[in-house]
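*Asks:* Contents are PDB, C-alpha atoms and all ligand atoms; file name data06.pdb:
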ATOM      1  CA  MET H 211      19.911  -9.550   1.758  1.00  0.00           C
ATOM      2  CA  ARG H 212      18.547 -12.600  -0.051  1.00  0.00           C
ATOM      3  CA  ILE H 213      15.009 -13.852   0.586  1.00  0.00           C
ATOM      4  CA  ASP H 214      13.553 -17.053  -0.907  1.00  0.00           C
ATOM      5  CA  VAL H 215       9.890 -17.944  -0.547  1.00  0.00           C
ATOM      6  CA  ILE H 216       8.544 -21.443  -1.248  1.00  0.00           C
ATOM      7  CA  SER H 217       4.770 -21.564  -1.706  1.00  0.00           C
ATOM      8  CA  ILE H 218       2.072 -23.251  -3.773  1.00  0.00           C
ATOM      9  CA  PHE H 219       0.836 -19.697  -4.540  1.00  0.00           C
ATOM     10  CA  PRO H 220       3.979 -17.747  -5.455  1.00  0.00           C
ATOM     11  CA  GLU H 221       1.748 -15.108  -7.153  1.00  0.00           C
ATOM     12  CA  TYR H 222       0.493 -14.272  -3.663  1.00  0.00           C
ATOM     13  CA  LEU H 223       3.921 -12.768  -2.961  1.00  0.00           C
ATOM     14  CA  GLU H 224       4.052 -10.543  -6.066  1.00  0.00           C
ATOM     15  CA  PRO H 225       3.076  -7.403  -4.064  1.00  0.00           C
ATOM     16  CA  LEU H 226       6.580  -7.637  -2.572  1.00  0.00           C
ATOM     17  CA  ARG H 227       7.784  -6.313  -5.950  1.00  0.00           C
ATOM     18  CA  LEU H 228       5.969  -2.988  -5.359  1.00  0.00           C
ATOM     19  CA  SER H 229       6.794   0.249  -3.575  1.00  0.00           C
ATOM     20  CA  LEU H 230       9.694   0.442  -1.136  1.00  0.00           C
ATOM     21  CA  LEU H 231      10.578  -3.249  -1.401  1.00  0.00           C
ATOM     22  CA  GLY H 232      10.496  -3.043  -5.196  1.00  0.00           C
ATOM     23  CA  LYS H 233      12.911  -0.133  -5.050  1.00  0.00           C
ATOM     24  CA  ALA H 234      15.190  -2.092  -2.683  1.00  0.00           C
ATOM     25  CA  GLN H 235      15.291  -4.893  -5.295  1.00  0.00           C
ATOM     26  CA  ARG H 236      16.086  -2.509  -8.164  1.00  0.00           C
ATOM     27  CA  GLU H 237      18.864  -0.984  -6.063  1.00  0.00           C
ATOM     28  CA  GLY H 238      20.377  -4.395  -5.273  1.00  0.00           C
ATOM     29  CA  LEU H 239      19.687  -4.214  -1.512  1.00  0.00           C
ATOM     30  CA  LEU H 240      17.272  -7.168  -1.715  1.00  0.00           C
ATOM     31  CA  SER H 241      17.209 -10.268  -3.903  1.00  0.00           C
ATOM     32  CA  LEU H 242      13.704 -11.787  -3.736  1.00  0.00           C
ATOM     33  CA  ASN H 243      13.281 -15.289  -5.182  1.00  0.00           C
ATOM     34  CA  LEU H 244       9.836 -16.912  -5.406  1.00  0.00           C
ATOM     35  CA  HIS H 245       9.473 -20.680  -5.890  1.00  0.00           C
ATOM     36  CA  ASN H 246       6.434 -22.832  -6.618  1.00  0.00           C
ATOM     37  CA  LEU H 247       6.457 -25.965  -4.439  1.00  0.00           C
ATOM     38  CA  ARG H 248       4.583 -27.815  -7.207  1.00  0.00           C
ATOM     39  CA  ASP H 249       7.651 -27.459  -9.450  1.00  0.00           C
ATOM     40  CA  PHE H 250       9.269 -30.032  -7.155  1.00  0.00           C
ATOM     41  CA  THR H 251       6.669 -32.753  -7.701  1.00  0.00           C
ATOM     42  CA  HIS H 252       6.818 -35.457 -10.396  1.00  0.00           C
ATOM     43  CA  ASP H 253       3.266 -36.725 -10.821  1.00  0.00           C
ATOM     44  CA  ARG H 254       0.731 -35.536 -13.370  1.00  0.00           C
ATOM     45  CA  HIS H 255      -1.361 -33.729 -10.739  1.00  0.00           C
ATOM     46  CA  ARG H 256       1.649 -32.030  -9.100  1.00  0.00           C
ATOM     47  CA  THR H 257       0.481 -33.370  -5.735  1.00  0.00           C
ATOM     48  CA  VAL H 258       1.820 -31.699  -2.582  1.00  0.00           C
ATOM     49  CA  ASP H 259      -0.585 -33.120   0.021  1.00  0.00           C
ATOM     50  CA  ASP H 260      -1.937 -36.418   1.290  1.00  0.00           C
ATOM     51  CA  THR H 261      -4.221 -37.732   4.046  1.00  0.00           C
ATOM     52  CA  PRO H 262      -3.008 -37.551   7.661  1.00  0.00           C
ATOM     53  CA  ALA H 263      -1.386 -40.658   9.119  1.00  0.00           C
ATOM     54  CA  GLY H 264      -3.584 -41.860  11.969  1.00  0.00           C
ATOM     55  CA  GLY H 265      -6.677 -40.335  10.375  1.00  0.00           C
ATOM     56  CA  GLY H 266      -8.471 -37.051  10.973  1.00  0.00           C
ATOM     57  CA  ALA H 267      -9.699 -34.049   9.038  1.00  0.00           C
ATOM     58  CA  GLY H 268      -7.886 -32.185   6.285  1.00  0.00           C
ATOM     59  CA  MET H 269      -4.674 -32.884   4.417  1.00  0.00           C
ATOM     60  CA  VAL H 270      -0.978 -32.794   5.295  1.00  0.00           C
ATOM     61  CA  MET H 271       1.854 -31.523   3.069  1.00  0.00           C
ATOM     62  CA  LYS H 272       4.053 -34.387   1.836  1.00  0.00           C
ATOM     63  CA  PRO H 273       7.761 -34.295   2.732  1.00  0.00           C
ATOM     64  CA  GLU H 274       9.278 -35.166  -0.684  1.00  0.00           C
ATOM     65  CA  PRO H 275       8.481 -31.910  -2.589  1.00  0.00           C
ATOM     66  CA  TRP H 276       9.726 -29.877   0.387  1.00  0.00           C
ATOM     67  CA  ALA H 277      13.057 -31.744   0.462  1.00  0.00           C
ATOM     68  CA  GLU H 278      13.537 -31.155  -3.271  1.00  0.00           C
ATOM     69  CA  ALA H 279      12.559 -27.511  -2.988  1.00  0.00           C
ATOM     70  CA  PHE H 280      15.040 -26.934  -0.149  1.00  0.00           C
ATOM     71  CA  ALA H 281      17.819 -28.687  -2.087  1.00  0.00           C
ATOM     72  CA  HIS H 282      17.173 -26.379  -5.044  1.00  0.00           C
ATOM     73  CA  VAL H 283      16.949 -23.173  -2.979  1.00  0.00           C
ATOM     74  CA  LEU H 284      19.989 -24.010  -0.819  1.00  0.00           C
ATOM     75  CA  ALA H 285      22.089 -24.708  -3.919  1.00  0.00           C
ATOM     76  CA  ALA H 286      20.928 -21.483  -5.593  1.00  0.00           C
ATOM     77  CA  GLY H 287      21.708 -19.300  -2.576  1.00  0.00           C
ATOM     78  CA  ARG H 288      25.060 -20.929  -1.908  1.00  0.00           C
ATOM     79  CA  SER H 289      26.165 -20.559  -5.516  1.00  0.00           C
ATOM     80  CA  ALA H 290      25.144 -16.887  -5.321  1.00  0.00           C
ATOM     81  CA  GLY H 291      27.700 -16.578  -2.508  1.00  0.00           C
ATOM     82  CA  HIS H 292      25.467 -16.613   0.571  1.00  0.00           C
ATOM     83  CA  GLY H 293      26.460 -18.319   3.823  1.00  0.00           C
ATOM     84  CA  GLU H 294      24.005 -20.175   6.011  1.00  0.00           C
ATOM     85  CA  PRO H 295      20.304 -19.305   5.766  1.00  0.00           C
ATOM     86  CA  LEU H 296      17.632 -19.179   8.435  1.00  0.00           C
ATOM     87  CA  VAL H 297      14.529 -21.125   7.367  1.00  0.00           C
ATOM     88  CA  ILE H 298      11.303 -19.551   8.663  1.00  0.00           C
ATOM     89  CA  PHE H 299       8.023 -21.467   8.737  1.00  0.00           C
ATOM     90  CA  PRO H 300       5.099 -19.059   9.233  1.00  0.00           C
ATOM     91  CA  ASN H 301       2.894 -20.969  11.627  1.00  0.00           C
ATOM     92  CA  PRO H 302       0.142 -19.974  14.073  1.00  0.00           C
ATOM     93  CA  ALA H 303       1.748 -22.397  16.560  1.00  0.00           C
ATOM     94  CA  GLY H 304       5.111 -20.585  16.315  1.00  0.00           C
ATOM     95  CA  GLU H 305       6.807 -17.920  18.415  1.00  0.00           C
ATOM     96  CA  ARG H 306       5.171 -14.500  18.178  1.00  0.00           C
ATOM     97  CA  PHE H 307       6.751 -12.229  15.509  1.00  0.00           C
ATOM     98  CA  SER H 308       7.551  -8.726  16.842  1.00  0.00           C
ATOM     99  CA  GLN H 309       9.398  -5.519  16.024  1.00  0.00           C
ATOM    100  CA  ALA H 310      12.362  -6.812  18.042  1.00  0.00           C
ATOM    101  CA  ARG H 311      12.361 -10.007  15.970  1.00  0.00           C
ATOM    102  CA  ALA H 312      12.099  -7.963  12.742  1.00  0.00           C
ATOM    103  CA  GLN H 313      15.104  -5.927  13.877  1.00  0.00           C
ATOM    104  CA  GLU H 314      17.117  -9.064  14.596  1.00  0.00           C
ATOM    105  CA  LEU H 315      16.143 -10.736  11.287  1.00  0.00           C
ATOM    106  CA  SER H 316      17.043  -7.588   9.300  1.00  0.00           C
ATOM    107  CA  GLY H 317      20.678  -8.368  10.187  1.00  0.00           C
ATOM    108  CA  HIS H 318      20.560 -11.775   8.466  1.00  0.00           C
ATOM    109  CA  ASP H 319      22.090 -12.172   5.009  1.00  0.00           C
ATOM    110  CA  TRP H 320      19.700 -14.908   3.856  1.00  0.00           C
ATOM    111  CA  LEU H 321      16.175 -15.914   4.880  1.00  0.00           C
ATOM    112  CA  ILE H 322      14.069 -18.724   3.403  1.00  0.00           C
ATOM    113  CA  PHE H 323      10.310 -18.602   4.060  1.00  0.00           C
ATOM    114  CA  ALA H 324       8.477 -21.920   3.675  1.00  0.00           C
ATOM    115  CA  CYS H 325       4.701 -21.440   3.418  1.00  0.00           C
ATOM    116  CA  GLY H 326       2.570 -24.308   4.637  1.00  0.00           C
ATOM    117  CA  ARG H 327      -1.080 -24.757   3.639  1.00  0.00           C
ATOM    118  CA  TYR H 328      -3.735 -27.290   4.575  1.00  0.00           C
ATOM    119  CA  GLU H 329      -3.427 -28.627   8.128  1.00  0.00           C
ATOM    120  CA  GLY H 330       0.353 -28.363   8.059  1.00  0.00           C
ATOM    121  CA  ILE H 331       3.620 -29.930   6.889  1.00  0.00           C
ATOM    122  CA  ASP H 332       4.786 -33.464   7.711  1.00  0.00           C
ATOM    123  CA  GLU H 333       6.836 -33.141  10.925  1.00  0.00           C
ATOM    124  CA  ARG H 334       9.769 -35.035   9.400  1.00  0.00           C
ATOM    125  CA  VAL H 335      10.580 -32.006   7.211  1.00  0.00           C
ATOM    126  CA  TYR H 336      11.504 -29.986  10.333  1.00  0.00           C
ATOM    127  CA  ASP H 337      13.508 -32.890  11.774  1.00  0.00           C
ATOM    128  CA  TYR H 338      15.364 -33.357   8.493  1.00  0.00           C
ATOM    129  CA  LEU H 339      16.353 -29.680   8.285  1.00  0.00           C
ATOM    130  CA  ALA H 340      17.448 -29.556  11.922  1.00  0.00           C
ATOM    131  CA  ASP H 341      19.519 -32.754  11.537  1.00  0.00           C
ATOM    132  CA  SER H 342      21.121 -31.238   8.411  1.00  0.00           C
ATOM    133  CA  GLY H 343      22.402 -28.361  10.566  1.00  0.00           C
ATOM    134  CA  ILE H 344      20.032 -25.779   9.105  1.00  0.00           C
ATOM    135  CA  ALA H 345      18.637 -23.139  11.462  1.00  0.00           C
ATOM    136  CA  VAL H 346      14.835 -23.248  11.621  1.00  0.00           C
ATOM    137  CA  ALA H 347      12.294 -20.895  13.238  1.00  0.00           C
ATOM    138  CA  LEU H 348       8.498 -21.096  13.485  1.00  0.00           C
ATOM    139  CA  LEU H 349       6.978 -17.614  13.628  1.00  0.00           C
ATOM    140  CA  SER H 350       3.375 -16.507  14.129  1.00  0.00           C
ATOM    141  CA  LEU H 351       1.824 -13.122  13.387  1.00  0.00           C
ATOM    142  CA  GLY H 352      -0.620 -13.348  16.257  1.00  0.00           C
ATOM    143  CA  ASP H 353      -3.290 -15.426  17.915  1.00  0.00           C
ATOM    144  CA  TYR H 354      -5.602 -16.108  14.984  1.00  0.00           C
ATOM    145  CA  VAL H 355      -5.526 -18.555  12.062  1.00  0.00           C
ATOM    146  CA  LEU H 356      -4.884 -17.723   8.403  1.00  0.00           C
ATOM    147  CA  ASN H 357      -5.356 -20.167   5.526  1.00  0.00           C
ATOM    148  CA  GLY H 358      -1.640 -20.308   4.824  1.00  0.00           C
ATOM    149  CA  GLY H 359       1.690 -18.647   5.466  1.00  0.00           C
ATOM    150  CA  GLU H 360       1.653 -16.322   2.446  1.00  0.00           C
ATOM    151  CA  VAL H 361      -0.038 -13.329   4.083  1.00  0.00           C
ATOM    152  CA  ALA H 362       2.262 -13.730   7.075  1.00  0.00           C
ATOM    153  CA  VAL H 363       5.296 -13.674   4.750  1.00  0.00           C
ATOM    154  CA  LEU H 364       4.060 -10.442   3.173  1.00  0.00           C
ATOM    155  CA  ALA H 365       3.811  -8.847   6.612  1.00  0.00           C
ATOM    156  CA  MET H 366       7.062 -10.231   8.011  1.00  0.00           C
ATOM    157  CA  THR H 367       9.095  -9.444   4.893  1.00  0.00           C
ATOM    158  CA  GLU H 368       7.881  -5.858   4.814  1.00  0.00           C
ATOM    159  CA  ALA H 369       8.615  -5.400   8.538  1.00  0.00           C
ATOM    160  CA  ILE H 370      12.110  -6.922   8.181  1.00  0.00           C
ATOM    161  CA  VAL H 371      13.302  -5.410   4.905  1.00  0.00           C
ATOM    162  CA  ARG H 372      12.357  -1.817   5.774  1.00  0.00           C
ATOM    163  CA  LEU H 373      14.859  -2.095   8.655  1.00  0.00           C
ATOM    164  CA  VAL H 374      17.740  -3.075   6.351  1.00  0.00           C
ATOM    165  CA  PRO H 375      20.044  -0.036   6.223  1.00  0.00           C
ATOM    166  CA  GLY H 376      19.457   2.002   3.053  1.00  0.00           C
ATOM    167  CA  VAL H 377      15.936   0.699   2.325  1.00  0.00           C
ATOM    168  CA  VAL H 378      14.027   3.510   4.073  1.00  0.00           C
ATOM    169  CA  GLY H 379      15.316   6.878   2.862  1.00  0.00           C
ATOM    170  CA  ASN H 380      15.377   8.657   6.232  1.00  0.00           C
ATOM    171  CA  PRO H 381      16.881   6.288   8.838  1.00  0.00           C
ATOM    172  CA  GLU H 382      15.297   8.340  11.653  1.00  0.00           C
ATOM    173  CA  SER H 383      11.812   7.402  10.491  1.00  0.00           C
ATOM    174  CA  VAL H 384      12.371   3.777  11.536  1.00  0.00           C
ATOM    175  CA  VAL H 385      13.670   4.877  14.962  1.00  0.00           C
ATOM    176  CA  GLU H 386      10.739   7.098  15.997  1.00  0.00           C
ATOM    177  CA  GLU H 387       7.800   4.837  15.259  1.00  0.00           C
ATOM    178  CA  SER H 388       5.397   2.617  17.159  1.00  0.00           C
ATOM    179  CA  HIS H 389       7.069  -0.394  18.833  1.00  0.00           C
ATOM    180  CA  SER H 390      10.638   0.721  18.060  1.00  0.00           C
ATOM    181  CA  ASN H 391      11.024   1.842  21.706  1.00  0.00           C
ATOM    182  CA  GLY H 392       8.419  -0.480  23.222  1.00  0.00           C
ATOM    183  CA  LEU H 393       5.737   2.249  23.117  1.00  0.00           C
ATOM    184  CA  LEU H 394       3.079   3.359  20.631  1.00  0.00           C
ATOM    185  CA  GLU H 395       3.902   6.396  18.537  1.00  0.00           C
ATOM    186  CA  TYR H 396       2.806   9.900  19.648  1.00  0.00           C
ATOM    187  CA  PRO H 397       0.099  11.744  17.624  1.00  0.00           C
ATOM    188  CA  LEU H 398       1.195  13.481  14.421  1.00  0.00           C
ATOM    189  CA  TYR H 399       0.059  16.794  12.938  1.00  0.00           C
ATOM    190  CA  THR H 400       0.854  18.821   9.830  1.00  0.00           C
ATOM    191  CA  LYS H 401      -0.397  22.147   8.382  1.00  0.00           C
ATOM    192  CA  PRO H 402      -2.741  24.026   8.601  1.00  0.00           C
ATOM    193  CA  ALA H 403      -2.198  25.159  12.219  1.00  0.00           C
ATOM    194  CA  VAL H 404      -5.984  25.472  12.543  1.00  0.00           C
ATOM    195  CA  TRP H 405      -8.171  23.141  10.459  1.00  0.00           C
ATOM    196  CA  VAL H 406     -11.908  23.701  10.145  1.00  0.00           C
ATOM    197  CA  ASP H 407     -13.393  20.231   9.815  1.00  0.00           C
ATOM    198  CA  PRO H 408     -16.427  19.496   7.568  1.00  0.00           C
ATOM    199  CA  ALA H 409     -18.745  19.954  10.572  1.00  0.00           C
ATOM    200  CA  GLY H 410     -17.428  23.510  11.070  1.00  0.00           C
ATOM    201  CA  THR H 411     -15.332  22.793  14.171  1.00  0.00           C
ATOM    202  CA  GLU H 412     -11.938  24.516  14.443  1.00  0.00           C
ATOM    203  CA  ARG H 413      -9.220  22.012  15.298  1.00  0.00           C
ATOM    204  CA  ALA H 414      -5.824  23.431  16.276  1.00  0.00           C
ATOM    205  CA  VAL H 415      -2.427  21.741  16.269  1.00  0.00           C
ATOM    206  CA  PRO H 416      -1.257  21.490  19.929  1.00  0.00           C
ATOM    207  CA  GLU H 417       0.522  24.731  20.783  1.00  0.00           C
ATOM    208  CA  VAL H 418       3.686  23.069  22.069  1.00  0.00           C
ATOM    209  CA  LEU H 419       4.405  21.775  18.535  1.00  0.00           C
ATOM    210  CA  LEU H 420       4.387  25.299  17.094  1.00  0.00           C
ATOM    211  CA  GLY H 421       6.540  26.926  19.815  1.00  0.00           C
ATOM    212  CA  GLY H 422       9.928  25.806  18.494  1.00  0.00           C
ATOM    213  CA  ASP H 423      11.142  24.452  21.864  1.00  0.00           C
ATOM    214  CA  HIS H 424      12.597  21.049  20.944  1.00  0.00           C
ATOM    215  CA  GLY H 425      12.974  19.973  24.578  1.00  0.00           C
ATOM    216  CA  LYS H 426       9.315  20.700  25.292  1.00  0.00           C
ATOM    217  CA  VAL H 427       8.247  18.954  22.076  1.00  0.00           C
ATOM    218  CA  ALA H 428      10.247  15.834  23.011  1.00  0.00           C
ATOM    219  CA  ALA H 429       8.774  15.786  26.538  1.00  0.00           C
ATOM    220  CA  TRP H 430       5.227  16.227  25.212  1.00  0.00           C
ATOM    221  CA  ARG H 431       5.671  13.418  22.679  1.00  0.00           C
ATOM    222  CA  ARG H 432       7.068  11.074  25.317  1.00  0.00           C
ATOM    223  CA  GLU H 433       4.109  11.796  27.599  1.00  0.00           C
ATOM    224  CA  GLN H 434       1.635  11.245  24.750  1.00  0.00           C
ATOM    225  CA  SER H 435       3.336   7.949  23.823  1.00  0.00           C
ATOM    226  CA  LEU H 436       3.081   6.735  27.412  1.00  0.00           C
ATOM    227  CA  GLU H 437      -0.561   7.805  27.732  1.00  0.00           C
ATOM    228  CA  ARG H 438      -1.559   6.148  24.465  1.00  0.00           C
ATOM    229  CA  THR H 439       0.240   2.962  25.373  1.00  0.00           C
ATOM    230  CA  ARG H 440      -1.416   2.950  28.817  1.00  0.00           C
ATOM    231  CA  GLN H 441      -4.862   3.327  27.226  1.00  0.00           C
ATOM    232  CA  ARG H 442      -4.581   1.057  24.186  1.00  0.00           C
ATOM    233  CA  ARG H 443      -1.864  -1.451  25.038  1.00  0.00           C
ATOM    234  CA  PRO H 444      -1.256  -1.648  28.794  1.00  0.00           C
ATOM    235  CA  ASP H 445       0.373  -5.061  28.196  1.00  0.00           C
ATOM    236  CA  LEU H 446       3.336  -3.283  26.574  1.00  0.00           C
ATOM    237  CA  LEU H 447       4.068  -1.286  29.730  1.00  0.00           C
ATOM    238  CA  GLU H 448       4.473  -4.412  31.841  1.00  0.00           C
ATOM    239  CA  ASN H 449       7.695  -5.256  30.002  1.00  0.00           C
TER
HETATM  240 CL1  LIG Q   1       2.424 -17.199  10.495  1.00  0.00          CL
HETATM  241  N1  LIG Q   1       0.396 -18.651   9.626  1.00  0.00           N
HETATM  242  C1  LIG Q   1      -0.882 -19.000   9.615  1.00  0.00           C
HETATM  243  N2  LIG Q   1      -1.293 -19.967   8.781  1.00  0.00           N
HETATM  244  N3  LIG Q   1      -1.783 -18.459  10.406  1.00  0.00           N
HETATM  245  C2  LIG Q   1      -1.355 -17.506  11.214  1.00  0.00           C
HETATM  246  C3  LIG Q   1      -0.037 -17.084  11.274  1.00  0.00           C
HETATM  247  C4  LIG Q   1       0.843 -17.689  10.453  1.00  0.00           C
HETATM  248  N4  LIG Q   1       0.082 -16.127  12.190  1.00  0.00           N
HETATM  249  C5  LIG Q   1      -1.128 -15.960  12.681  1.00  0.00           C
HETATM  250  N5  LIG Q   1      -2.004 -16.777  12.107  1.00  0.00           N
END
How does this structure look as structure tokens?
*Replies:*
Amino acid sequence: MRIDVISIFPEYLEPLRLSLLGKAQREGLLSLNLHNLRDFTHDRHRTVDDTPAGGGAGMVMKPEPWAEAFAHVLAAGRSAGHGEPLVIFPNPAGERFSQARAQELSGHDWLIFACGRYEGIDERVYDYLADSGIAVALLSLGDYVLNGGEVAVLAMTEAIVRLVPGVVGNPESVVEESHSNGLLEYPLYTKPAVWVDPAGTERAVPEVLLGGDHGKVAAWRREQSLERTRQRRPDLLEN
């Protein structure tokens, strides 16, 4: 999978070089390419924003650097042998990102994330991409506002890339986790079988988990998942 990120703060994305995603890059499962939008400006101040047409607060990202950045990234990906990309604009006014969406996006060969800042990007950039036949999606992490798309790209990229086959060592660990089946994950325990907490209370692992009956364990976990979901996220059960 190839991922390009265009941002005025490409250093913000450097944590994607660490840990599991770093390993995926070293193993050739992921090619991560970071681009500074300011490299596609031509004035002394490397200007990427201007005042909003019609007036109002804040600044709007100018279309010209975005068009140049996309031309560069599209050429680079195509010459590396990739087909058609999906361009994702992290945006609080976009469709809600979810585990199901992460699963679907993990099957793509090439994603381009375009991080807006300030009040937003000139609308003509979206129209230009769409009219050029490029697939575009606006995705939001949730109903709150961040200062820019970078943090959202960190979250979305991690959620997507860990689902690419081969990235997580044990494929079962991405099957049995919260949201993979529409429910929250059941509680987890490890050794010791009885733990004395710092207040002196003995806390035992539920007996069913130590009995060796896999059918009973599975039934108990399912029940716990349902109960947790009912308590914490009843909205998930409506679907
Ligand atoms: Cl994707 N971007 C920004 N700027 N704010 C957000 C968001 C995205 N998702 C939630 N809030």
*Asks:* Around (0.3, 24.1, 19.7), as given in the file, which residues come within 12 Å? Count only C-alpha atoms and list them as a ChimeraX atom specification.
*Replies:* /H:398-404,413-423,426-427,430
*Asks:* Please identify every polymer residue within 10 Å of ligand LIG 1 (chain Q), using all atoms listed in the file, and present the set as number ranges by chain.
*Replies:* H: 298-307, 325-330, 348-363, 365-366
*Asks:* Expressed in Å to a single decimal, how great is the separation between atom CA of Tyr222 of chain H and atom CA of Ala290 of chain H?
*Replies:*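 Those two atoms sit 24.8 Å apart.
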*Asks:* With the file shown as input, list the residues that the PyMOL selection byres (((chain H and resi 380-389) around 12) and not hetatm) selects, as an NGL selection string.
*Replies:* :H and (308-313 or 369-379 or 390-398 or 428 or 431-432 or 435-436 or 438-439 or 443 or 446-447)
*Asks:* Using only C-alpha atoms, which of the listed residues (H:Val297, H:Met271, H:Gly410, H:Ser316) sits closest to Ala340 of chain H?
*Replies:*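 Residue with the minimum atom-to-atom distance to Ala340 of chain H: H:Val297.
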*Asks:* For the point (10.3, -29.1, -7.2) in the file's frame, write as an MDAnalysis selection string all residues with an atom no more than 8 Å away, counting only C-alpha atoms.
*Replies:* chainID H and resid 246:252 275:276 278:279 282
*Asks:* What would segment 360-381 of chain H look like with N, CA and C atoms in place, written as a PDB file, in the coordinates of the input?
*Replies:*
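Final file, part-v4.pdb:
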ATOM      1  N   GLU H 360       1.295 -17.373   3.405  1.00  0.00           N
ATOM      2  CA  GLU H 360       1.653 -16.322   2.446  1.00  0.00           C
ATOM      3  C   GLU H 360       1.415 -14.914   2.974  1.00  0.00           C
ATOM      4  N   VAL H 361       0.256 -14.667   3.560  1.00  0.00           N
ATOM      5  CA  VAL H 361      -0.038 -13.329   4.083  1.00  0.00           C
ATOM      6  C   VAL H 361       0.943 -12.968   5.202  1.00  0.00           C
ATOM      7  N   ALA H 362       1.293 -13.962   6.002  1.00  0.00           N
ATOM      8  CA  ALA H 362       2.262 -13.730   7.075  1.00  0.00           C
ATOM      9  C   ALA H 362       3.630 -13.358   6.488  1.00  0.00           C
ATOM     10  N   VAL H 363       4.002 -14.004   5.373  1.00  0.00           N
ATOM     11  CA  VAL H 363       5.296 -13.674   4.750  1.00  0.00           C
ATOM     12  C   VAL H 363       5.279 -12.251   4.201  1.00  0.00           C
ATOM     13  N   LEU H 364       4.160 -11.833   3.638  1.00  0.00           N
ATOM     14  CA  LEU H 364       4.060 -10.442   3.173  1.00  0.00           C
ATOM     15  C   LEU H 364       4.328  -9.492   4.329  1.00  0.00           C
ATOM     16  N   ALA H 365       3.676  -9.744   5.456  1.00  0.00           N
ATOM     17  CA  ALA H 365       3.811  -8.847   6.612  1.00  0.00           C
ATOM     18  C   ALA H 365       5.233  -8.900   7.185  1.00  0.00           C
ATOM     19  N   MET H 366       5.733 -10.107   7.382  1.00  0.00           N
ATOM     20  CA  MET H 366       7.062 -10.231   8.011  1.00  0.00           C
ATOM     21  C   MET H 366       8.143  -9.654   7.110  1.00  0.00           C
ATOM     22  N   THR H 367       8.065  -9.941   5.804  1.00  0.00           N
ATOM     23  CA  THR H 367       9.095  -9.444   4.893  1.00  0.00           C
ATOM     24  C   THR H 367       9.102  -7.921   4.874  1.00  0.00           C
ATOM     25  N   GLU H 368       7.925  -7.321   4.831  1.00  0.00           N
ATOM     26  CA  GLU H 368       7.881  -5.858   4.814  1.00  0.00           C
ATOM     27  C   GLU H 368       8.470  -5.286   6.109  1.00  0.00           C
ATOM     28  N   ALA H 369       8.103  -5.885   7.245  1.00  0.00           N
ATOM     29  CA  ALA H 369       8.615  -5.400   8.538  1.00  0.00           C
ATOM     30  C   ALA H 369      10.134  -5.559   8.632  1.00  0.00           C
ATOM     31  N   ILE H 370      10.666  -6.643   8.082  1.00  0.00           N
ATOM     32  CA  ILE H 370      12.110  -6.922   8.181  1.00  0.00           C
ATOM     33  C   ILE H 370      12.897  -6.048   7.211  1.00  0.00           C
ATOM     34  N   VAL H 371      12.466  -6.036   5.929  1.00  0.00           N
ATOM     35  CA  VAL H 371      13.302  -5.410   4.905  1.00  0.00           C
ATOM     36  C   VAL H 371      13.363  -3.894   5.081  1.00  0.00           C
ATOM     37  N   ARG H 372      12.288  -3.271   5.588  1.00  0.00           N
ATOM     38  CA  ARG H 372      12.357  -1.817   5.774  1.00  0.00           C
ATOM     39  C   ARG H 372      13.371  -1.417   6.834  1.00  0.00           C
ATOM     40  N   LEU H 373      13.838  -2.388   7.640  1.00  0.00           N
ATOM     41  CA  LEU H 373      14.859  -2.095   8.655  1.00  0.00           C
ATOM     42  C   LEU H 373      16.279  -2.337   8.140  1.00  0.00           C
ATOM     43  N   VAL H 374      16.409  -2.885   6.929  1.00  0.00           N
ATOM     44  CA  VAL H 374      17.740  -3.075   6.351  1.00  0.00           C
ATOM     45  C   VAL H 374      18.292  -1.688   6.003  1.00  0.00           C
ATOM     46  N   PRO H 375      19.501  -1.372   6.474  1.00  0.00           N
ATOM     47  CA  PRO H 375      20.044  -0.036   6.223  1.00  0.00           C
ATOM     48  C   PRO H 375      20.015   0.325   4.731  1.00  0.00           C
ATOM     49  N   GLY H 376      19.518   1.521   4.432  1.00  0.00           N
ATOM     50  CA  GLY H 376      19.457   2.002   3.053  1.00  0.00           C
ATOM     51  C   GLY H 376      18.103   1.824   2.404  1.00  0.00           C
ATOM     52  N   VAL H 377      17.228   0.965   2.974  1.00  0.00           N
ATOM     53  CA  VAL H 377      15.936   0.699   2.325  1.00  0.00           C
ATOM     54  C   VAL H 377      14.947   1.843   2.561  1.00  0.00           C
ATOM     55  N   VAL H 378      14.868   2.338   3.796  1.00  0.00           N
ATOM     56  CA  VAL H 378      14.027   3.510   4.073  1.00  0.00           C
ATOM     57  C   VAL H 378      14.921   4.737   3.992  1.00  0.00           C
ATOM     58  N   GLY H 379      14.492   5.708   3.163  1.00  0.00           N
ATOM     59  CA  GLY H 379      15.316   6.878   2.862  1.00  0.00           C
ATOM     60  C   GLY H 379      15.844   7.585   4.093  1.00  0.00           C
ATOM     61  N   ASN H 380      14.955   7.950   5.024  1.00  0.00           N
ATOM     62  CA  ASN H 380      15.377   8.657   6.232  1.00  0.00           C
ATOM     63  C   ASN H 380      15.485   7.665   7.384  1.00  0.00           C
ATOM     64  N   PRO H 381      16.725   7.313   7.802  1.00  0.00           N
ATOM     65  CA  PRO H 381      16.881   6.288   8.838  1.00  0.00           C
ATOM     66  C   PRO H 381      16.180   6.651  10.148  1.00  0.00           C
TER      67      PRO H 381
END
